[in-house]
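Visitor: Take a look at this one; I'll ask things after.
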Amino acid sequence: MNKNSSNTMALTPNTSNKRETVCIFGTGDFGRALGHKMIQSGYPVVYGSRSTQISNLIPKDAEVLGHAEAAQKAAIIIIAVQRQHYNFLIPLAEVLRGKVLVDISNNLKLNQYPESNAEYLAQLLPGSKVVKAFNTVSAWALQSGTLDASRQVFVCGDDVEAKQMVMDIVRSLGLTPLDKGSLLAAQEIENYPLQLFPMWKFPIFLSLGLTAFFFFYCLALDVIYTYIYENNNFSFFIAITIPNRVCPVMALVLLALVYLPGIFAAIIQLYRGTKYRRFPDWLDKWMLCRKQLGLIALAFASLHAVFTLVTPMRAFVSWRTSKGIISQALNNKTEPLDNTKAWLSDSYLALGILGFFLFVLLGITSLPSVSNSVNWREFRFVQSKLGYLALILCTAHTLVYGGKWFLSPSAYKWYLPNIYILSLIVPCAVLVVKFVLIFPCVDKPLTQIRQGWERNPKYSE
Amino acid sequence: MNKNSSNTMALTPNTSNKRETVCIFGTGDFGRALGHKMIQSGYPVVYGSRSTQISNLIPKDAEVLGHAEAAQKAAIIIIAVQRQHYNFLIPLAEVLRGKVLVDISNNLKLNQYPESNAEYLAQLLPGSKVVKAFNTVSAWALQSGTLDASRQVFVCGDDVEAKQMVMDIVRSLGLTPLDKGSLLAAQEIENYPLQLFPMWKFPIFLSLGLTAFFFFYCLALDVIYTYIYENNNFSFFIAITIPNRVCPVMALVLLALVYLPGIFAAIIQLYRGTKYRRFPDWLDKWMLCRKQLGLIALAFASLHAVFTLVTPMRAFVSWRTSKGIISQALNNKTEPLDNTKAWLSDSYLALGILGFFLFVLLGITSLPSVSNSVNWREFRFVQSKLGYLALILCTAHTLVYGGKWFLSPSAYKWYLPNIYILSLIVPCAVLVVKFVLIFPCVDKPLTQIRQGWERNPKYSE
Amino acid sequence: MNKNSSNTMALTPNTSNKRETVCIFGTGDFGRALGHKMIQSGYPVVYGSRSTQISNLIPKDAEVLGHAEAAQKAAIIIIAVQRQHYNFLIPLAEVLRGKVLVDISNNLKLNQYPESNAEYLAQLLPGSKVVKAFNTVSAWALQSGTLDASRQVFVCGDDVEAKQMVMDIVRSLGLTPLDKGSLLAAQEIENYPLQLFPMWKFPIFLSLGLTAFFFFYCLALDVIYTYIYENNNFSFFIAITIPNRVCPVMALVLLALVYLPGIFAAIIQLYRGTKYRRFPDWLDKWMLCRKQLGLIALAFASLHAVFTLVTPMRAFVSWRTSKGIISQALNNKTEPLDNTKAWLSDSYLALGILGFFLFVLLGITSLPSVSNSVNWREFRFVQSKLGYLALILCTAHTLVYGGKWFLSPSAYKWYLPNIYILSLIVPCAVLVVKFVLIFPCVDKPLTQIRQGWERNPKYSE
C-alpha cells in the first residue's frame with residue numbers, strides 16, 4: 001500500500017469504496033428516505049422502478065434502472081412497495097433467486113392479513129432469502145436525522161447470513177439492530193409500530209372514569225353543599241382542594257387494585273385445588289395490567305404529595321391561619337400544645353411519607369433497565385413484600401387522617417360518606433383477605449398447589 | 001401454493017406446522033409449565049417419562065412416551081429432571097448423540113456442586129450438545145403469563161448452532177435470550193436466581209445499625225432528657241422530628257463513606273509506591289459496594305427533604321408559630337428583620353437544595369440504562385467531580401445549619417455532642433484528605449503510579 | 001472420565017484447563033492489567049516483548065517470550081502497543097497469518113488519523129483477522145475490579161468467527177460485549193472513549209450564559225435598585241429569591257427552545273414546498289440537541305419546585321407573615337377572604353403542579369430504557385402532544401402569576417420589564433405559531449410535504 005492510496009482514503013473518510021451496492025425497489029417516500037440515508041453512509045444505491053423518469057425526487061447520487069437490471073447489481077434488495085403490489089415480483093423470481101430481500105412494509109391495521117407481509121413475500125419467492133427490517137423506523141425521522149427514540153430496528157429472518165448482512169447495514173446507518181429470530185416473528189414486528197400503549201388503555205380509562213366520579217362526588221359535597229346550606233362560595237376548591245382529595249383516593253384505590261387480582265387468583269386456586277386451569281379471562285387481563293395500574297397510582301400519589309406540600313403557600317390557607325391566630329390574640333389567650341393532636345398530625349404525615357417512599361421505590365424497580373438487572377426472586381421480594389408494606393402504610397395514613405370523622409355525623413352531608421371512607425373499602429378488604437391467606441393453614445395448601453400439586457387430579461380433565 | 005392452503009393458514013395463525021417438535025424429559029411442575037407454554041406458541045411437544053400413565057396433569061395436546069422413543073422424535077430435548085437423577089440418561093447416550101440437550105435445572109444453594117449442572121450433564125453425555133437455559137424463569141410466571149420482570153433468559157453452550165436453536169425457542173415464547181458465551185458460564189447462570197441482592201447486604205446492615213444508633217441517641221437527648229430535666233412530654237418527636245434528624249445524618253455519613261475507600265486506596269498506593277499489589281480484602285469489598293452505599297444515602301437524603309418540606313404542616317410547628325406571633329402581638333411590638341438570620345436561613349436552605357439536586361443527578365446516572373450510555377470518562381466526571389461537589393455542598397449545609405451551636409454549652413446535654421456534630425466527622429475528614437491529595441506534589445506521583453509506574457520495582461515481587 | 005479427574009476439577013473451579021492460551025504483545029500498563037484479569041479468569045497468558053527481562057511487573061503466572069515465539073503459542077493475539085509502533089508487526093506477518101489480532105488502542109484526539117487504528121492494522125497485515133475491542137475499558141477499572149459503569153465492550157471486525165472468539169473472552173472477564181458490526185465501525189469505537197458529553201456542550205453553555213444574564217438582571221432590579229432607592233438591604237435574596245426567579249424563567253425559555261426548531265422546520269418546509277432539501281446547519285444541530293435542552297429545562301423546573309416549596313421555612317418569609325398578622329391584630333380587624341385572590345393563588349399553583357408533572361413524565365420517557373421500549377408512534381405522542389401540553393400549562397402558570405403586574409408601572413423599575421415578562425416572549429411566540437400551523441389549511445399541505453409530496457418538483461434539483 002503506497003502513500004498515495006492512503007491519501008486518497010483520507011479524502012473519503014467513510015471508506016465508501018468498501019460498501020456493497022444496495023438496490024431499492026420502489027421510489028416512494030420511505031424508499032427515497034432510506035436511499036438518502038444509505039448514500040450518506042457510503043452505500044452505492046440503485047433504484048428499481050417501472051419508469052426511470054421520476055428521477056428528480058430521488059437522491060442525486062443514486063442510479064435508477066428497471067427492476068431486473070437494478071436487482072442484478074446488488075445482493076441486497078429492499079422492497080419498498082406495498083404488500084398489494086408484491087405480485088409484480090413473481091416474474092422476477094429468477095433474477096431474485098438467492099438474493100436477500102428486505103421487507104420493510106407496514107400495515108394499516110393490527111393483524112390485517114392472516115400471515116405477515118414478510119412471510120407472504122417468502123411464499124411468493126421461495127428462492128430468495130427474506131429478512132424483515134426497518135419497518136419500525138419512520139421516513140421522517142430517517143430524513144431529518146432526529147432519531148431520538150427508536151434507534152432500535154427489529155430484524156428477523158430464516159437465513160442467518162442474510163440477517164447478518166442486513167444487521168450490518170442497520171448498524172452502519174447509526175441504528176441498533178435487534179435480532180428477533182426466525183421469520184415467524186414478522187407478524188409481531190409488523191404489529192409493533194401500530195400500537196399506541198395497548199397495555200395502558202384499560203388502566204387509563206378506568207382511572208379517568210373513577211377520577212371523574214370522585215371529582216363530582218367531592219364537588220357536590222364540598223362546594224355545592226356548602227354553597228346551598230352554608231352560603232359560602234368555595235368554588236376555588238376546584239383548583240387544589242378537590243384535586244388533593246381525589247388524588248390520594250385514586251392512588252390508594254388503584255394500589256389496592258394492583259393486589260386484588262392476586263387475592264382472587266389465590267382464592268380460585270384454593271377452591272379449584274389446582275393451578276393447571278386457566279383463570280377467567282377478565283382476571284388474566286387484569287393481572288397483565290397490574291404494572292400499569294401501579295404506575296398510574298404512583299402518578300396520583302406524586303400529585304397528592306406536591307398538592308399537599310404547596311398547602312402553606314395558598315392564599316386561602318394563610319387567610320385561615322391568620323384568622324385563627326388573630327382571634328386568639330384578640331381574646332388574649334394562647335392555646336396550650338395538644339399532645340394527642342401533635343401525635344396524630346405527625347404520625348399521619350410520617351406514615352404518608354414512608355408509604356410514598358416505598359411507592360417510589362416500587363416505581364423505580366419497574367423501570368425496564370432496573371427490572372432487567374434483578375432476578376425473579378429479587379423482583380418478587382420488591383413487588384410483593386415492599387408493595388404490601390406500601391399498601392399497609394398508605395391505608396394506615398388514610399385511617400389516621402380520617403379516624404376521628406368516621407363516627408361524626410357532620411361527615412355525612414346528604415347522608416353520603418366522605419370519599420376517604422369510600423377509598424378505604426378496597427384496600428382494607430385486600431389487606432384482611434391477604435392476612436387470612438398468610439395463615440399457615442391456608443398458606444400451606446396454596447404453596448403446594450403452586451408447586452404443581454393437585455387436590456382432585458380428575459378435576460383437571 | 002393454492003388458495004385452499006392459504007385459507008388453512010388463516011385458521012392457524014401461529015403457523016404451527018413450521019415449528020419443530022420439542023421433547024421434554026420429566027413431567028414435574030416446570031416441565032409441564034414449559035410444555036403448556038410451548039404448545040401455546042405452536043410447538044408440538046412430546047414428553048419422555050418413565051410411566052406414561054400420569055397424563056392428566058400434562059397438557060392435553062402433548063404426547064407422552066418412554067424416554068428413548070420421545071427423544072427420537074425431536075432434535076431438542078429439555079431435561080426437566082433434577083441433577084441427582086441425571087444418571088438415568090447414561091443408558092440413553094446413543095439415542096441422545098448429536099441432539100441438543102437443554103439443562104434447565106437450578107440448585108438449592110449457591111455453588112452447591114463443584115461444577116455446574118450443565119457441565120456435569122455435558123460430562124455424562126459427551127456426544128450431545130448441552131445448552132443451559134430457562135433456569136432464571138419461574139414455572140409460576142410461565143404458567144400465569146405474568147412475566148413482568150425477568151423476560152431475560154440467560155443461555156450458554158459450547159455449540160453455536162445448538163445455542164441458536166434454543167435462543168429461537170426462547171424468542172418465540174415471548175422471552176428475551178441473552179447469550180452468555182460458552183458452557184463455562186453455566187455456574188454463574190445457575191447461581192443467579194438464588195441471589196437476593198447480594199451486593200446490598202452489607203450496606204443495608206450497616207445503615208440499619210447506624211440508623212438504630214443515631215435514633216436512640218436522639219431519643220435520649222431530645223425526648224428523655226427533655227422529659228426528665230424540663231418535664232416536657234415531646235414523645236411525638238418520634239414520628240417526624242427525630243427521623244428528620246437521623247435521615248440527614250445518615251445521608252451525609254453514607255455519602256462520605258462512598259468516597260472514603262478511594263482516599264484509603266490512594267494512601268495505600270502512595271505508601272506502597274505501586275498499583276500492582278492487591279488492596280486488603282475489606283477495602284476491595286468496600287469499593288465494590290460504593291454504588292449501593294450511595295443509593296442508600298440518596299434514599300435518606302430524599303426522606304430528609306420530604307420530612308423537612310412537611311414541617312409547616314405539623315400541628316406542633318403551627319402551634320409554636322402562633323405562640324410566637326401572639327406573644328409579639330400581646331407585647332405590642334414587632335421584631336425587625338434580622339439580616340444575618342435571613343442570610344443564614346436562606347443560604348442553609350440553598351446549599352441543601354443544590355447538594356440534594358446533585359445527589360439526585362448522581363442517582364439518575366447510576367440507573368443501568370443511563371450508565372450504559374455514557375463512556376468511562378463521562379462516568380468518572382459525574383461520579384467523581386459532581387459527587388465531591390455534592391459532598392462539599394451537603395457538608396456546608398450542615399455546617400451553616402449547626403454553626404452557631406458548636407460552642408454553645410446548651411448543645412451538650414449529658415456532655416454528649418448533638419448528632420450533627422458527630423455526622424460532620426467523616427465528611428470533613430474525607431474532604432480534608434482529598435484536599436491534600438489534589439496538591440500537585442501528591443497528585444503527580446499518584447497519577448504516575450496509577451499509570452503503571454513503580455517506585456521500588458523490587459517490592460512487587 | 002474417571003473419578004480422579006473429576007476431583008481435580010473440583011479443586012480448580014475455574015476449569016482453567018479448558019481456556020485457550022491468549023498472547024499479549026506489549027507489556028505496558030493496559031497489557032499488564034488485561035493479562036492480570038485474564039489469568040484471574042483462567043486463561044493461560046503469554047506476553048510477546050522485545051526484551052524478556054522486565055518481568056517483575058508482569059503477572060507472575062504469565063510467560064514472557066519474543067514476539068514470534070509468543071504469537072505461535074496462541075490463536076488470539078492482543079496488540080497492546082501504540083499505533084505508531086505497529087510497523088514492527090510487518091516482519092511478523094507470516095507468523096500472524098490467520099490469527100486473530102485484537103486492536104485495543106485508543107487515540108489522544110478525535111479522528112486523529114484518516115483511518116481507524118484497527119483498519120490501519122488490517123491494512124498492514126491483510127492475512128490476519130483484526131478485531132477491535134477493549135478500548136472502552138480503563139486499565140485502572142480492570143485492575144481494581146470497580147467496573148461500575150462501562151461493563152460494555154464494543155467489538156467489531158470483519159471475520160464473524162474471530163469476533164465470536166473475542167466476545168467469549170470479553171464475557172468470561174465479566175464484561176458485556178456489544179457487536180458493532182464490521183471493521184468500518186472501528187473509527188466510531190475509537191472516538192467513543194474520548195468524548196465528554198459532546199451533545200451536552202452547546203445546551204450547557206447556552207444555559208450558563210442565559211442564567212448569568214437573568215441572574216444579574218434580577219440582582220440589579222431586586223437588590224441594587226431596592227438598596228439605592230428604598231434603602232433596604234435585601235442582599236440575602238441572592239441565596240433563594242433570585243435563584244427562584246431565574247430557575248422558572250430558564251425552565252420556560254428552554255422548554256420553548258425545544259419546540260422552536262420544529263416550528264422553524266415546518267415554516268421552511270412550507271416555504272420551500274419540499275422536504276427533500278437539507279435544513280440549514282444551525283437548525284440541524286439545534287434539532288439534534290432538543291433532548292438535552294429539555295432535560296436541562298427539567299432540571300431548572302425541579303430546582304424551581306424545591307425552591308418554592310421551602311418558601312414557608314425561610315426566616316424572611318416567616319418574619320413577613322408575622323408582621324402582617326400582628327399589624328392586623330393590633331388594628332383589631334380581620335380581613336375577609338378575598339375570593340379572587342384565592343382563585344388566582346390556587347389556579348396558579350395547580351397549573352404549575354400539572355405542568356411540572358407532565359414535564360417529569362417527559363423526562364422519564366427520555367430515559368434510554370424507557371424510550372427503547374416504546375415505538376415511534378408512542379414516542380411522538382408523548383414528546384409532541386404531552387410536551388406541548390406541558391408548555392401550555394407552564395406558560396399559563398406564568399401568565400396567571402404575573403398577570404396583574406403587566407400594566408402596573410411599579411413593575412418597570414429603571415424602565416426595564418420584570419424577567420417573567422421577558423420569559424414569556426419565546427413560549428408565547430411558539431404557541432401562537434403552532435396554533436396557526438394546526439389550522440387545516442396549513443396543516444394539510446405540511447402533512448403532504450412530509451409524506452414526500454413536492455410543490456415544485458423542479459425546485460429540488
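Following the order of the C-alpha cells, chains are lettered A, B, ..., residues in each are numbered from 1, and ligands are numbered from 1.
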Quick one: residues within 9 Å of Leu431 in chain C, only C-alpha atoms, excluding same-chain residues fewer than 5 positions away - as a PDB file with C-alpha atoms, in the first residue's frame?
Guide:
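Result file is out_5.pdb:
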ATOM      1  CA  ALA C 256     -39.878  26.742  24.435  1.00  0.00           C
ATOM      2  CA  TYR C 388     -46.956  20.920  24.046  1.00  0.00           C
ATOM      3  CA  LEU C 391     -45.570  24.088  27.548  1.00  0.00           C
ATOM      4  CA  ILE C 392     -49.147  25.429  27.535  1.00  0.00           C
ATOM      5  CA  VAL C 426     -40.450  32.816  23.296  1.00  0.00           C
ATOM      6  CA  VAL C 436     -51.564  28.657  13.244  1.00  0.00           C
TER       7      VAL C 436
END
Visitor: As a PyMOL selection string, list the residues of range 59-282 of chain C assigned to alpha helix (DSSP H) by DSSP on the backbone atoms of this structure.
Guide: chain C and resi 67-72+93-96+117-124+139-144+160-172+186-191+201-218+225-229+243-272+281-282
Visitor: Identify every residue of chain A that has at least one atom within 7 Å of any atom of chain B, counting only C-alpha atoms, and report the result as a ChimeraX atom specification.
Guide: /A:114-115,180-181,287-288,309,312,325,329,334,337,341-343,345-347,350,369-372,375-379,450-452,461
Visitor: Can you measure CA of Thr365 in chain A to CA of Leu175 in chain C for me? One decimal in Å is fine.
Guide: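 Going from CA of Thr365 in chain A over to CA of Leu175 in chain C, I get 23.0 Å.
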Visitor: Give me the residues near Ala266 in chain A as JSON, numbers by chain, where near means some atom within 9 Å (using only C-alpha atoms) and where sequence neighbours in that chain fewer than 5 positions away do not count.
Guide: {"A": [261, 271, 437, 446]}
Visitor: Once DSSP has gone over the backbone, tell me which residues of range 127-343 of chain A are in strand (DSSP E or B), as a list in words.
Guide: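 Those residues are Lys129, Val130, Val131, Lys132, Gln152, Val153, Phe154, Val155, Cys156, Gly157, Thr176, Pro177, Leu178 and Asp179 of chain A.
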Visitor: I need the residue nearest Val249 in chain A from this list: A:Ala74, A:Cys394, A:Val102, A:Leu110. Use only C-alpha atoms for the distance.
Guide: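 With only C-alpha atoms as the atom set, the closest residue is A:Cys394.
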Visitor: Could you name the residues that touch Glu188 in chain A at 9 Å or less, counting only C-alpha atoms, but leaving out those on the same chain fewer than 4 positions away, as a short mmCIF file (atom, residue, chain, number, x, y, z; two decimals) with C-alpha atoms, in the first residue's frame?
Guide:
data_model
loop_
_atom_site.label_atom_id
_atom_site.label_comp_id
_atom_site.auth_asym_id
_atom_site.auth_seq_id
_atom_site.Cartn_x
_atom_site.Cartn_y
_atom_site.Cartn_z
CA ASN A 111 -53.28 -8.38 12.09
CA SER A 116 -47.28 -11.31 7.88
CA LEU A 184 -42.25 -16.25 12.34
CA TYR A 192 -45.38 -3.24 16.76
#
Visitor: Could you list, as a PyMOL selection string, every residue within 7 Å of Thr274 in chain B, counting only C-alpha atoms and ignoring same-chain residues fewer than 2 positions away?
Guide: chain B and resi 269+272+276-277+449+453-455
Visitor: Those residues with all heavy atoms, as an mmCIF file, in the first residue's frame please?
Guide:
data_model
loop_
_atom_site.group_PDB
_atom_site.id
_atom_site.type_symbol
_atom_site.label_atom_id
_atom_site.label_comp_id
_atom_site.auth_asym_id
_atom_site.auth_seq_id
_atom_site.Cartn_x
_atom_site.Cartn_y
_atom_site.Cartn_z
ATOM 1 N N GLN B 269 -1.673 3.224 47.889
ATOM 2 C CA GLN B 269 -0.844 3.202 46.686
ATOM 3 C C GLN B 269 0.360 4.128 46.825
ATOM 4 O O GLN B 269 1.464 3.787 46.398
ATOM 5 C CB GLN B 269 -1.681 3.588 45.475
ATOM 6 C CG GLN B 269 -2.641 2.480 45.084
ATOM 7 C CD GLN B 269 -3.460 2.859 43.891
ATOM 8 O OE1 GLN B 269 -3.707 4.028 43.632
ATOM 9 N NE2 GLN B 269 -3.887 1.858 43.146
ATOM 10 N N ARG B 272 2.808 2.333 49.199
ATOM 11 C CA ARG B 272 3.464 1.175 48.589
ATOM 12 C C ARG B 272 4.280 1.554 47.359
ATOM 13 O O ARG B 272 5.179 0.823 46.957
ATOM 14 C CB ARG B 272 2.413 0.166 48.143
ATOM 15 C CG ARG B 272 1.762 -0.589 49.264
ATOM 16 C CD ARG B 272 0.824 -1.596 48.648
ATOM 17 N NE ARG B 272 0.117 -2.372 49.640
ATOM 18 C CZ ARG B 272 -0.949 -3.091 49.370
ATOM 19 N NH1 ARG B 272 -1.437 -3.111 48.134
ATOM 20 N NH2 ARG B 272 -1.543 -3.797 50.303
ATOM 21 N N TYR B 276 0.345 -2.471 41.633
ATOM 22 C CA TYR B 276 0.229 -3.882 41.234
ATOM 23 C C TYR B 276 0.079 -4.848 42.390
ATOM 24 O O TYR B 276 0.265 -6.034 42.217
ATOM 25 C CB TYR B 276 1.414 -4.275 40.345
ATOM 26 C CG TYR B 276 1.297 -3.653 38.994
ATOM 27 C CD1 TYR B 276 2.083 -2.573 38.625
ATOM 28 C CD2 TYR B 276 0.334 -4.105 38.104
ATOM 29 C CE1 TYR B 276 1.947 -1.977 37.401
ATOM 30 C CE2 TYR B 276 0.192 -3.501 36.872
ATOM 31 C CZ TYR B 276 0.991 -2.448 36.523
ATOM 32 O OH TYR B 276 0.828 -1.867 35.319
ATOM 33 N N ARG B 277 -0.175 -4.344 43.602
ATOM 34 C CA ARG B 277 -0.478 -5.270 44.689
ATOM 35 C C ARG B 277 -1.932 -5.102 45.088
ATOM 36 O O ARG B 277 -2.464 -4.001 45.063
ATOM 37 C CB ARG B 277 0.448 -5.003 45.872
ATOM 38 C CG ARG B 277 1.881 -5.442 45.562
ATOM 39 C CD ARG B 277 2.812 -5.055 46.670
ATOM 40 N NE ARG B 277 2.434 -5.692 47.926
ATOM 41 C CZ ARG B 277 2.681 -5.147 49.116
ATOM 42 N NH1 ARG B 277 3.260 -3.973 49.201
ATOM 43 N NH2 ARG B 277 2.347 -5.779 50.207
ATOM 44 N N ILE B 449 1.774 6.456 39.495
ATOM 45 C CA ILE B 449 1.573 5.097 39.997
ATOM 46 C C ILE B 449 0.379 4.459 39.311
ATOM 47 O O ILE B 449 0.406 3.304 38.906
ATOM 48 C CB ILE B 449 1.390 5.127 41.527
ATOM 49 C CG1 ILE B 449 2.726 5.425 42.202
ATOM 50 C CG2 ILE B 449 0.823 3.814 42.028
ATOM 51 C CD1 ILE B 449 2.607 5.775 43.665
ATOM 52 N N TRP B 453 3.590 3.148 36.798
ATOM 53 C CA TRP B 453 4.943 3.388 37.268
ATOM 54 C C TRP B 453 5.114 2.777 38.656
ATOM 55 O O TRP B 453 4.181 2.671 39.423
ATOM 56 C CB TRP B 453 5.173 4.905 37.305
ATOM 57 C CG TRP B 453 6.459 5.354 37.906
ATOM 58 C CD1 TRP B 453 7.665 5.458 37.272
ATOM 59 C CD2 TRP B 453 6.676 5.800 39.242
ATOM 60 N NE1 TRP B 453 8.618 5.931 38.125
ATOM 61 C CE2 TRP B 453 8.037 6.141 39.348
ATOM 62 C CE3 TRP B 453 5.858 5.924 40.348
ATOM 63 C CZ2 TRP B 453 8.599 6.615 40.540
ATOM 64 C CZ3 TRP B 453 6.409 6.395 41.530
ATOM 65 C CH2 TRP B 453 7.765 6.730 41.624
ATOM 66 N N GLU B 454 6.329 2.327 38.994
ATOM 67 C CA GLU B 454 6.576 1.757 40.320
ATOM 68 C C GLU B 454 7.761 2.465 40.973
ATOM 69 O O GLU B 454 8.764 2.742 40.319
ATOM 70 C CB GLU B 454 6.916 0.283 40.193
ATOM 71 C CG GLU B 454 5.857 -0.532 39.539
ATOM 72 C CD GLU B 454 5.700 -1.860 40.241
ATOM 73 O OE1 GLU B 454 6.711 -2.403 40.723
ATOM 74 O OE2 GLU B 454 4.568 -2.332 40.332
ATOM 75 N N ARG B 455 7.645 2.727 42.275
ATOM 76 C CA ARG B 455 8.754 3.380 42.968
ATOM 77 C C ARG B 455 9.886 2.382 43.202
ATOM 78 O O ARG B 455 11.014 2.598 42.820
ATOM 79 C CB ARG B 455 8.281 3.987 44.279
ATOM 80 C CG ARG B 455 9.304 4.970 44.858
ATOM 81 C CD ARG B 455 8.704 5.804 45.960
ATOM 82 N NE ARG B 455 8.002 4.978 46.927
ATOM 83 C CZ ARG B 455 6.811 5.275 47.440
ATOM 84 N NH1 ARG B 455 6.202 6.370 47.076
ATOM 85 N NH2 ARG B 455 6.226 4.486 48.303
#
Visitor: Write out as a CSV table (one decimal) with N, CA and C atoms, in the first residue's frame which residues come within 12 Å of Gln292 in chain C when counting only C-alpha atoms, dropping same-chain ones fewer than 6 positions away.
Guide:
chain,number,residue,atom,x,y,z
A,148,ASP,N,-34.4,10.4,18.0
A,148,ASP,CA,-34.3,10.4,19.4
A,148,ASP,C,-34.7,9.0,20.0
C,197,PHE,N,-19.5,14.2,26.9
C,197,PHE,CA,-20.9,14.7,26.7
C,197,PHE,C,-20.9,15.7,25.5
C,198,PRO,N,-20.5,15.2,24.3
C,198,PRO,CA,-20.5,16.1,23.2
C,198,PRO,C,-21.8,16.8,22.9
C,199,MET,N,-22.9,16.0,23.1
C,199,MET,CA,-24.2,16.6,22.7
C,199,MET,C,-24.7,17.6,23.8
C,200,TRP,N,-24.0,17.6,24.9
C,200,TRP,CA,-24.5,18.5,26.0
C,200,TRP,C,-23.8,19.8,26.0
C,201,LYS,N,-22.7,20.0,25.2
C,201,LYS,CA,-21.8,21.2,25.3
C,201,LYS,C,-22.6,22.4,25.0
C,202,PHE,N,-23.3,22.5,23.8
C,202,PHE,CA,-24.0,23.7,23.4
C,202,PHE,C,-25.1,24.0,24.4
C,203,PRO,N,-26.0,23.0,24.7
C,203,PRO,CA,-27.1,23.3,25.6
C,203,PRO,C,-26.6,23.8,27.0
C,204,ILE,N,-25.5,23.3,27.5
C,204,ILE,CA,-25.0,23.7,28.8
C,204,ILE,C,-24.4,25.1,28.7
C,205,PHE,N,-23.6,25.4,27.6
C,205,PHE,CA,-23.1,26.8,27.5
C,205,PHE,C,-24.2,27.8,27.4
C,206,LEU,N,-25.2,27.4,26.5
C,206,LEU,CA,-26.3,28.3,26.3
C,206,LEU,C,-27.0,28.6,27.7
C,207,SER,N,-27.3,27.5,28.5
C,207,SER,CA,-27.9,27.7,29.7
C,207,SER,C,-27.1,28.5,30.7
C,254,LEU,N,-36.1,27.5,28.0
C,254,LEU,CA,-35.5,26.3,27.4
C,254,LEU,C,-36.6,25.3,26.9
C,255,LEU,N,-37.7,25.2,27.6
C,255,LEU,CA,-38.7,24.3,27.1
C,255,LEU,C,-39.2,24.8,25.8
C,257,LEU,N,-37.5,26.6,23.7
C,257,LEU,CA,-36.5,26.4,22.7
C,257,LEU,C,-36.5,25.0,22.2
C,258,VAL,N,-37.0,24.0,23.0
C,258,VAL,CA,-37.1,22.7,22.5
C,258,VAL,C,-38.1,22.6,21.3
C,285,LYS,N,-28.4,21.1,13.8
C,285,LYS,CA,-27.7,21.0,15.1
C,285,LYS,C,-28.7,21.2,16.3
C,286,TRP,N,-29.5,22.3,16.1
C,286,TRP,CA,-30.4,22.6,17.2
C,286,TRP,C,-31.4,21.4,17.4
C,298,LEU,N,-35.8,20.7,32.5
C,298,LEU,CA,-36.4,20.0,33.6
C,298,LEU,C,-35.7,20.1,34.9
C,299,ALA,N,-34.3,20.2,34.8
C,299,ALA,CA,-33.5,20.4,36.0
C,299,ALA,C,-33.9,21.8,36.6
C,363,GLY,N,-39.5,13.7,31.0
C,363,GLY,CA,-38.1,13.3,31.5
C,363,GLY,C,-38.0,11.8,31.6
C,366,SER,N,-37.6,9.9,28.5
C,366,SER,CA,-36.4,10.1,27.7
C,366,SER,C,-35.3,9.3,28.3
C,367,LEU,N,-35.5,8.5,29.4
C,367,LEU,CA,-34.5,7.6,29.9
C,367,LEU,C,-34.3,6.5,28.8
Visitor: What's the 9 Å shell around Leu221 in chain C, counting only C-alpha atoms, without same-chain residues fewer than 4 positions away, as a PyMOL selection string?
Guide: chain C and resi 216-217+225-226+413-414+416+418
Visitor: Would you mind exporting the chosen residues as a compact mmCIF listing (two decimals), in the first residue's frame, restricted to C-alpha atoms?
Guide:
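File produced: again_24.txt:
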# COMPACT_ATOMS: atom_id res chain seq x y z
CA PHE C 216 -27.57 39.85 37.06
CA TYR C 217 -30.77 41.33 35.63
CA TYR C 225 -32.43 49.08 42.87
CA THR C 226 -34.04 48.41 46.26
CA LYS C 413 -38.01 49.68 37.64
CA TRP C 414 -35.45 51.61 35.61
CA LEU C 416 -36.95 47.55 32.50
CA ASN C 418 -39.67 42.19 35.12
Visitor: What is the CA of Leu389 in chain C to CA of Leu358 in chain C distance in Å?
Guide: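 Distance between the two atoms: 7.8 Å.
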Visitor: Using only C-alpha atoms, which of A:Ile104, A:Leu124, A:Tyr259, A:Val130 sits nearest Ile189 in chain A?
Guide: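 Of all the options, A:Ile104 lies closest to Ile189 in chain A.
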Visitor: Please report the interatomic distance between CA of Thr21 in chain A and CA of Val45 in chain A in Å with one decimal.
Guide: 5.7 Å
